[in-house]
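Colleague: Below you will find the structure I want to go over with you.
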Amino acid sequence: MSIPLPLPSGKGRSQASLPPPRQSGLQGTLSALIEKSRTLNDLLQVHAVLLRRGLHQDRILNFKLQRAYSSLGCLDNSISIFNCTLDPDVFNWTAIIHSHAQLGLHDRAMVYFVDMLCSGIYPNAFTFSVALKSAPVKSGKPLHSLAFKLGFYSDLYVETGLLDVYARTGDVASAKKLFDEMDQRSLVSMTTMMTCYAKHGEIGNAKFLFDEMPDRDVVCWNVMISGYAQNGFPNEALLMFRRMLSDAKMKPDEVTVLAVISACGQIGALETGRWIHSFIENNDICINLHLGTALLDMYSKCGSLEDARLVFERMTDKDVVIWNSMISGYAMHGFSGHALETFDEMLRAGMKPNDITFVGILNACSHTGMVQEGQNLFYMMKSKYGIEPKVEHYGCLVNLLGRAGHLEEAYNIVKGMNIEPDIVIWSSLLGACGLHNDLVLGEEIAELLIKQNQMRSGTYTLLSNIYANSGNWVEVARIRSMMKSKGVEKEKGCSSIELDNTVHEFLAGDMNHPKCQEIYSMLEEINGWLRAAEDYEPQTNKVLHDLGDAEKGQSLEVHSERLAIAFGLISSRPGTTIRVVKNLRVCPDCHEVCKVISRVTGRKIIMRDRNRFHHFVDGCCSCDDFW
DNA sequence: ATAGGGTTAG
């Protein structure tokens with residue numbers, strides 16, 4: 001959108017600096033009443049009085065009504081009041097721009113801003129800061145230079161607004177340049193600069209600025225905490241949250257707990273998540289839809305679908321996001337029946353599914369090998385709901401077909417896609433080749449990826465597993481040296497378990513835990529159970545996930561997931577569920593071992609791997625060995 | 001008056 005340059009004349013300027021028209025006693029009383037109105041009902045009553053007294057064209061009263069209505073979310077009322085205001089002034093215009101911007105209706109906000117300039121109304125600094133909020137990428141800078149031309153040079157509001165534009169468009173360099181040149185700083189401008197850093201992964205710079213701030217309010221703590229949570233540093237997010245409570249004695253609000261809950265979900269820290277949930281309830285923080293969705297997601301990522309469902313059922317007025325979240329929750333646990341039922345429930349409730357809904361249900365189908373159902377849903381998505389499939393949807397379909405052994409069909413889908421297949425799709429196909437021992441297709445794909453320079457640590461491992469499955473150790477060694485020469489490191493397997501609000505992490509063969517001795521004697525005891533188990537046979541040839549082949553046979557016993565489980569067994573009461581989170585896929589051998597452990601100890605083991613959950617109960621896994 | 005928030009395949 002271009003900003004017209006019929007600049008307001010001097011006339012506009014003088015209008016803005018005129019003193020506001022004096023209010024009579026009645027107007028004064030009414031305006032105080034408007035400001036005191038806390039509920040829509042109060043406001044409607046005052047509004048009715050105002051109309052009866054024939055004051056419906058009053059600029060000042062209407063400005064206050066506009067502001068009050070838009071803070072209650074009644075945009076329509078705000079618009080109709082604006083429309084009946086005689087000669088709206090800069091305040092009326094700015095308020096109507098602001099109400100649209102607040103609700104994310106940025107296009108409409110910009111239209112009003114342009115209309116305002118065209119009607120010869122002279123904007124003030126606040127108008128610019130509000131308009132900048134809605135400015136599309138291209139007109140952010142022209143708007144700023146317009147503000148300069150009109151004399152708002154080095155105005156803190158305008159500059160902070162521009163910083164926000166840079167933050168949204170990802171222009172960190174320009175933001176930093178402007179920020180360094182600003183001759184005054186405020187809490188808000190520093191927070192905006194932090195946001196800019198945090199949104200673009202420069203979390204260290206955000207923290208540097210945070211440490212420099214003379215005063216910190218709840219918003220700036222929130223930026224820091226959510227910055228950590230959204231950049232994959234959930235532990236740091238929790239650490240900052242604790243500091244916020246203990247050192248700064250700051251009262252967290254609903255935005256703070258939102259970020260913290262998301263961090264708990266990432267770590268899989270159920271106890272901590274439950275603690276935050278009760279903290280929310282004890283501190284009268286209202287569980288709105290955003291917060292409810294975050295809680296639901298946290299519970300399903302921490303392995304407690306029961307709690308997730310409880311939160312889901314307590315939310316009235318569900319939107320598409322929370323429905324999606326519930327469906328994805330069931331999907332990642334492999335409960336595809338529940339996922340599909342929830343989808344039906346959603347349709348019956350009159351909710352329109354979106355692209356993310358379909359990622360959820362397609363994913364559910366692929367986790368349980370529901371090929372026919374999944375294919376039907378994929379085609380229905382376009383024909384019945386008009387949703388164009390994206391790379392994620394193709395990913396689900398390819399995964400579904402590939403894992404069920406329809407490799408040819410899966411490959412044809414990839415070749416026939418009208419979008420570029422990404423590394424995820426190729427990895428999924430490569431994984432399927434390993435699962436079904438298709439060496440030919442596997443090599444074809446690998447060759448393609450090598451040519452396009454797309455090989456990653458994970459794809460090398462998949463390829464190496466294909467060769468290992470067929471016992472081709474020469475090729476395995478060749479891939480290993482290829483990785484070495486290219487400097488590609490194999491991602492280390494790491495498993496964690498939470499006990500007494502502390503997350504304990506284990507690497508394969510880890511000897512660093514204080515309870516190391518007891519853990520290793522527990523492993524010995526487990527080995528005894530395994531020797532006695534008739535249904536267990538070590539699967540040495542499939543185990544190249546974490547370790548070099550030299551230690552292959554023996555090293556199975558010290559895989560990270562086994563250390564974490566052993567620690568769980570010795571540190572928690574008999575009968576309690578053991579919850580483990582692993583950063584890679586669970587190894588096929590450990591998967592068998594978990595079954596045995598669950599049978600011998602009568603414990604439930606819930607394990608989250610890179611892709612999904614496994615619930616081991618009494619010698620069986622919920623995934624039915626299809627994963 | 002300006003800054004911060006929920007769901008997405010392997």
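Lettering and numbering for the structure tokens are positional, with chains as A, B, ... in the shown order, residues counted from 1 in each chain, and ligands counted from 1 in the shown order.
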Extract, using only C-alpha atoms (C1' of nucleotides), all DNA, RNA and protein residues at most 7 Å from range 366-369 of chain A, discarding same-chain residues fewer than 2 positions from it, and format them as a list in words.
Modeller: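 Those residues are Gly334, Ser336, Leu362, Asn363, Ala364, Val371, Cys396, Asn399, Leu400, Ala404, Phe626 and Trp627 of chain A.
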Colleague: Could the residues in this selection be written to a file with C-alpha atoms, as a PDB file, in the first residue's frame?
Modeller:
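What landed in result-v4.pdb:
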```pdb
ATOM      1  CA  GLY A 334      -0.928 -42.972  18.547  1.00  0.00           C
ATOM      2  CA  SER A 336      -5.885 -42.512  16.161  1.00  0.00           C
ATOM      3  CA  LEU A 362      -3.355 -37.537   8.783  1.00  0.00           C
ATOM      4  CA  ASN A 363      -0.598 -37.912  11.318  1.00  0.00           C
ATOM      5  CA  ALA A 364      -2.929 -40.002  13.471  1.00  0.00           C
ATOM      6  CA  VAL A 371      -3.824 -46.330   4.864  1.00  0.00           C
ATOM      7  CA  CYS A 396       1.947 -37.352   6.239  1.00  0.00           C
ATOM      8  CA  ASN A 399       4.894 -41.432   5.553  1.00  0.00           C
ATOM      9  CA  LEU A 400       1.593 -43.298   5.744  1.00  0.00           C
ATOM     10  CA  ALA A 404       2.741 -49.463   5.306  1.00  0.00           C
ATOM     11  CA  PHE A 626       4.211 -50.166  14.356  1.00  0.00           C
ATOM     12  CA  TRP A 627       6.391 -47.064  14.477  1.00  0.00           C
TER      13      TRP A 627
END
```
Colleague: Write out as a Markdown table a residue-level contact list of range 55-162 of chain A versus chain B with cut-off 10 Å: for each qualifying residue the closest pair of atoms and the distance in Å to one decimal, counting only C-alpha atoms (C1' of nucleotides), rows sorted by chain and residue number upward.
Modeller:
```
| residue | atom | partner | partner_atom | distance |
| --- | --- | --- | --- | --- |
| A:Thr94 | CA | B:DA1 | C1' | 9.7 |
| A:Ala95 | CA | B:DA1 | C1' | 9.4 |
| A:His98 | CA | B:DA1 | C1' | 9.4 |
| A:Ala125 | CA | B:DT2 | C1' | 9.7 |
| A:Phe126 | CA | B:DA1 | C1' | 6.8 |
| A:Thr127 | CA | B:DA1 | C1' | 9.4 |
| A:Phe128 | CA | B:DT2 | C1' | 9.8 |
| A:Ser129 | CA | B:DT2 | C1' | 6.3 |
| A:Val130 | CA | B:DT2 | C1' | 7.5 |
| A:Lys133 | CA | B:DT2 | C1' | 9.3 |
| A:Leu156 | CA | B:DT2 | C1' | 8.6 |
| A:Tyr157 | CA | B:DT2 | C1' | 5.6 |
| A:Val158 | CA | B:DT2 | C1' | 8.2 |
| A:Glu159 | CA | B:DT2 | C1' | 9.5 |
| A:Thr160 | CA | B:DT2 | C1' | 6.8 |
| A:Gly161 | CA | B:DT2 | C1' | 6.7 |
```
Colleague: Go ahead and compute the interatomic distance for CA of Ser71 in chain A and CA of Tyr166 in chain A, in Å to one decimal.
Modeller: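 These atoms are spaced 26.3 Å apart.
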Colleague: Would you mind listing, as a ChimeraX atom specification, all residues of chain A that have at least one atom within 6 Å of chain B, where only C-alpha atoms (C1' of nucleotides) are what counts?
Modeller: /A:157,188,191-192,219,222-223,255,290,293-294,321,324-325,356,392,395-396,424,428
Colleague: Selected residues, C-alpha atoms, written as a JSON list (two decimals), in the first residue's frame, please.
Modeller:
```json
[["chain", "number", "residue", "atom", "x", "y", "z"],
["A", 157, "TYR", "CA", 6.66, 6.98, 20.29],
["A", 188, "VAL", "CA", 9.14, 0.22, 26.06],
["A", 191, "THR", "CA", 11.59, -4.07, 25.36],
["A", 192, "THR", "CA", 10.79, -3.64, 21.67],
["A", 219, "VAL", "CA", 6.17, -7.28, 29.95],
["A", 222, "ASN", "CA", 7.66, -11.99, 29.55],
["A", 223, "VAL", "CA", 9.66, -11.14, 26.44],
["A", 255, "VAL", "CA", 1.32, -14.20, 29.29],
["A", 290, "HIS", "CA", -4.96, -19.28, 24.76],
["A", 293, "THR", "CA", -4.74, -24.51, 24.72],
["A", 294, "ALA", "CA", -1.23, -24.13, 26.07],
["A", 321, "VAL", "CA", -6.90, -24.00, 17.56],
["A", 324, "ASN", "CA", -6.52, -28.97, 16.61],
["A", 325, "SER", "CA", -4.45, -29.20, 19.73],
["A", 356, "ILE", "CA", -3.50, -27.84, 10.73],
["A", 392, "GLU", "CA", 3.25, -31.16, 5.65],
["A", 395, "GLY", "CA", 4.68, -35.56, 4.29],
["A", 396, "CYS", "CA", 1.95, -37.35, 6.24],
["A", 424, "VAL", "CA", 11.45, -34.23, 5.99],
["A", 428, "SER", "CA", 10.49, -40.29, 5.75]]
```
Colleague: Determine, counting only C-alpha atoms (C1' of nucleotides), which protein, DNA and RNA residues have an atom within 10 Å of an atom of Tyr112 in chain A; residues of the same chain fewer than 6 positions away are not included. Present the result as a list of chain:residue names.
Modeller: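 Using only C-alpha atoms (C1' of nucleotides), the neighbours found are A:Trp93, A:Thr94, A:Ile96, A:Ile97, A:His98, A:His100, A:His106, A:Cys118, A:Ala131.
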Colleague: Apply DSSP to the structure's backbone, then extract all residues of range 45-275 of chain A labelled helix (DSSP H, G or I) and return them as a ChimeraX atom specification.
Modeller: /A:45-52,59-71,75-84,90-102,106-118,125-134,137-149,156-169,172-181,187-199,203-212,218-230,234-246,254-267,270-275
Colleague: CA of Asp58 in chain A and CA of Pro123 in chain A, how far apart in Å?
Modeller: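 Interatomic distance, CA of Pro123 in chain A to CA of Asp58 in chain A: 19.9 Å.
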Colleague: What's the 12 Å shell around Phe335 in chain A, counting only C-alpha atoms (C1' of nucleotides), without same-chain residues fewer than 4 positions away, as a PyMOL selection string?
Modeller: chain A and resi 300+305+326-331+339-342+360-361+363-370+612-615+622-624
Colleague: Hey, what's within 8 Å of Lys595 in chain A if we count only C-alpha atoms (C1' of nucleotides) and toss same-chain stuff fewer than 4 positions away? As a list in words, please?
Modeller: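 What passes the distance filter is His591, Arg599, Phe616, Val617, Asp618, Gly619, Cys620 and Cys621 of chain A.
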Colleague: Just list the residues in range 436-560 of chain A DSSP gives strand (DSSP E) on the backbone, as a PDB file with all heavy atoms, in the first residue's frame.
Modeller:
```pdb
ATOM      1  N   CYS A 494      19.922 -38.555  23.905  1.00  0.00           N
ATOM      2  CA  CYS A 494      19.839 -38.010  25.255  1.00  0.00           C
ATOM      3  C   CYS A 494      18.430 -38.258  25.778  1.00  0.00           C
ATOM      4  O   CYS A 494      17.451 -37.979  25.090  1.00  0.00           O
ATOM      5  CB  CYS A 494      20.143 -36.511  25.209  1.00  0.00           C
ATOM      6  SG  CYS A 494      19.930 -35.705  26.786  1.00  0.00           S
ATOM      7  N   SER A 495      18.353 -38.840  26.965  1.00  0.00           N
ATOM      8  CA  SER A 495      17.036 -39.090  27.555  1.00  0.00           C
ATOM      9  C   SER A 495      16.930 -38.382  28.888  1.00  0.00           C
ATOM     10  O   SER A 495      17.925 -38.235  29.590  1.00  0.00           O
ATOM     11  CB  SER A 495      16.827 -40.589  27.780  1.00  0.00           C
ATOM     12  OG  SER A 495      16.892 -41.260  26.558  1.00  0.00           O
ATOM     13  N   SER A 496      15.724 -37.950  29.208  1.00  0.00           N
ATOM     14  CA  SER A 496      15.574 -37.260  30.481  1.00  0.00           C
ATOM     15  C   SER A 496      14.360 -37.779  31.239  1.00  0.00           C
ATOM     16  O   SER A 496      13.436 -38.341  30.666  1.00  0.00           O
ATOM     17  CB  SER A 496      15.448 -35.759  30.247  1.00  0.00           C
ATOM     18  OG  SER A 496      14.336 -35.497  29.441  1.00  0.00           O
ATOM     19  N   ILE A 497      14.430 -37.592  32.539  1.00  0.00           N
ATOM     20  CA  ILE A 497      13.331 -38.011  33.404  1.00  0.00           C
ATOM     21  C   ILE A 497      13.207 -36.974  34.511  1.00  0.00           C
ATOM     22  O   ILE A 497      14.213 -36.454  35.000  1.00  0.00           O
ATOM     23  CB  ILE A 497      13.586 -39.438  33.954  1.00  0.00           C
ATOM     24  CG1 ILE A 497      12.422 -39.908  34.825  1.00  0.00           C
ATOM     25  CG2 ILE A 497      14.906 -39.518  34.713  1.00  0.00           C
ATOM     26  CD1 ILE A 497      12.471 -41.405  35.129  1.00  0.00           C
ATOM     27  N   GLU A 498      11.990 -36.651  34.890  1.00  0.00           N
ATOM     28  CA  GLU A 498      11.784 -35.624  35.913  1.00  0.00           C
ATOM     29  C   GLU A 498      11.445 -36.264  37.251  1.00  0.00           C
ATOM     30  O   GLU A 498      10.595 -37.153  37.330  1.00  0.00           O
ATOM     31  CB  GLU A 498      10.627 -34.703  35.484  1.00  0.00           C
ATOM     32  CG  GLU A 498      10.445 -33.489  36.386  1.00  0.00           C
ATOM     33  CD  GLU A 498       9.110 -32.803  36.173  1.00  0.00           C
ATOM     34  OE1 GLU A 498       8.118 -33.509  35.959  1.00  0.00           O
ATOM     35  OE2 GLU A 498       9.062 -31.560  36.226  1.00  0.00           O
ATOM     36  N   LEU A 499      12.161 -35.816  38.281  1.00  0.00           N
ATOM     37  CA  LEU A 499      11.868 -36.307  39.631  1.00  0.00           C
ATOM     38  C   LEU A 499      11.985 -35.145  40.608  1.00  0.00           C
ATOM     39  O   LEU A 499      12.979 -34.422  40.596  1.00  0.00           O
ATOM     40  CB  LEU A 499      12.859 -37.396  40.022  1.00  0.00           C
ATOM     41  CG  LEU A 499      12.424 -38.811  39.613  1.00  0.00           C
ATOM     42  CD1 LEU A 499      13.598 -39.744  39.566  1.00  0.00           C
ATOM     43  CD2 LEU A 499      11.354 -39.335  40.564  1.00  0.00           C
ATOM     44  N   THR A 502      12.927 -31.771  39.303  1.00  0.00           N
ATOM     45  CA  THR A 502      14.230 -31.621  38.667  1.00  0.00           C
ATOM     46  C   THR A 502      14.293 -32.557  37.467  1.00  0.00           C
ATOM     47  O   THR A 502      13.864 -33.707  37.562  1.00  0.00           O
ATOM     48  CB  THR A 502      15.363 -32.006  39.637  1.00  0.00           C
ATOM     49  OG1 THR A 502      15.122 -31.343  40.864  1.00  0.00           O
ATOM     50  CG2 THR A 502      16.711 -31.605  39.089  1.00  0.00           C
ATOM     51  N   VAL A 503      14.819 -32.050  36.347  1.00  0.00           N
ATOM     52  CA  VAL A 503      14.940 -32.884  35.163  1.00  0.00           C
ATOM     53  C   VAL A 503      16.355 -33.464  35.114  1.00  0.00           C
ATOM     54  O   VAL A 503      17.331 -32.728  35.142  1.00  0.00           O
ATOM     55  CB  VAL A 503      14.646 -32.070  33.892  1.00  0.00           C
ATOM     56  CG1 VAL A 503      14.869 -32.910  32.651  1.00  0.00           C
ATOM     57  CG2 VAL A 503      13.204 -31.563  33.923  1.00  0.00           C
ATOM     58  N   HIS A 504      16.455 -34.781  35.110  1.00  0.00           N
ATOM     59  CA  HIS A 504      17.752 -35.458  35.047  1.00  0.00           C
ATOM     60  C   HIS A 504      17.996 -35.923  33.624  1.00  0.00           C
ATOM     61  O   HIS A 504      17.162 -36.599  33.050  1.00  0.00           O
ATOM     62  CB  HIS A 504      17.765 -36.666  35.979  1.00  0.00           C
ATOM     63  CG  HIS A 504      17.473 -36.329  37.410  1.00  0.00           C
ATOM     64  ND1 HIS A 504      18.452 -36.260  38.369  1.00  0.00           N
ATOM     65  CD2 HIS A 504      16.312 -36.004  38.028  1.00  0.00           C
ATOM     66  CE1 HIS A 504      17.903 -35.925  39.530  1.00  0.00           C
ATOM     67  NE2 HIS A 504      16.602 -35.760  39.360  1.00  0.00           N
ATOM     68  N   GLU A 505      19.158 -35.553  33.070  1.00  0.00           N
ATOM     69  CA  GLU A 505      19.465 -35.922  31.693  1.00  0.00           C
ATOM     70  C   GLU A 505      20.550 -36.984  31.645  1.00  0.00           C
ATOM     71  O   GLU A 505      21.500 -36.954  32.434  1.00  0.00           O
ATOM     72  CB  GLU A 505      19.934 -34.688  30.911  1.00  0.00           C
ATOM     73  CG  GLU A 505      18.817 -33.721  30.612  1.00  0.00           C
ATOM     74  CD  GLU A 505      19.242 -32.632  29.639  1.00  0.00           C
ATOM     75  OE1 GLU A 505      20.464 -32.475  29.421  1.00  0.00           O
ATOM     76  OE2 GLU A 505      18.342 -31.960  29.110  1.00  0.00           O
ATOM     77  N   PHE A 506      20.414 -37.899  30.688  1.00  0.00           N
ATOM     78  CA  PHE A 506      21.415 -38.959  30.527  1.00  0.00           C
ATOM     79  C   PHE A 506      21.837 -39.077  29.067  1.00  0.00           C
ATOM     80  O   PHE A 506      20.999 -39.078  28.177  1.00  0.00           O
ATOM     81  CB  PHE A 506      20.836 -40.302  30.969  1.00  0.00           C
ATOM     82  CG  PHE A 506      20.493 -40.363  32.419  1.00  0.00           C
ATOM     83  CD1 PHE A 506      19.224 -39.999  32.854  1.00  0.00           C
ATOM     84  CD2 PHE A 506      21.433 -40.765  33.356  1.00  0.00           C
ATOM     85  CE1 PHE A 506      18.896 -40.040  34.204  1.00  0.00           C
ATOM     86  CE2 PHE A 506      21.116 -40.816  34.704  1.00  0.00           C
ATOM     87  CZ  PHE A 506      19.848 -40.453  35.132  1.00  0.00           C
ATOM     88  N   LEU A 507      23.162 -39.190  28.852  1.00  0.00           N
ATOM     89  CA  LEU A 507      23.674 -39.534  27.531  1.00  0.00           C
ATOM     90  C   LEU A 507      24.004 -41.030  27.560  1.00  0.00           C
ATOM     91  O   LEU A 507      24.071 -41.623  28.631  1.00  0.00           O
ATOM     92  CB  LEU A 507      24.949 -38.731  27.227  1.00  0.00           C
ATOM     93  CG  LEU A 507      24.791 -37.222  27.123  1.00  0.00           C
ATOM     94  CD1 LEU A 507      26.154 -36.561  26.987  1.00  0.00           C
ATOM     95  CD2 LEU A 507      23.916 -36.864  25.922  1.00  0.00           C
TER      96      LEU A 507
END
```
Colleague: Got a sec: who's within 10 Å of Gly227 in chain A, counting only C-alpha atoms (C1' of nucleotides), leaving out chain neighbours fewer than 5 positions off, as a ChimeraX atom specification?
Modeller: /A:194-203,206-207,221-222,232-234,236-237,259 /B:4
Colleague: What's the 12 Å shell around Ser470 in chain A, counting only C-alpha atoms (C1' of nucleotides), without same-chain residues fewer than 6 positions away, as an NGL selection string?
Modeller: :A and (433-440 or 463-464 or 476 or 541-542)
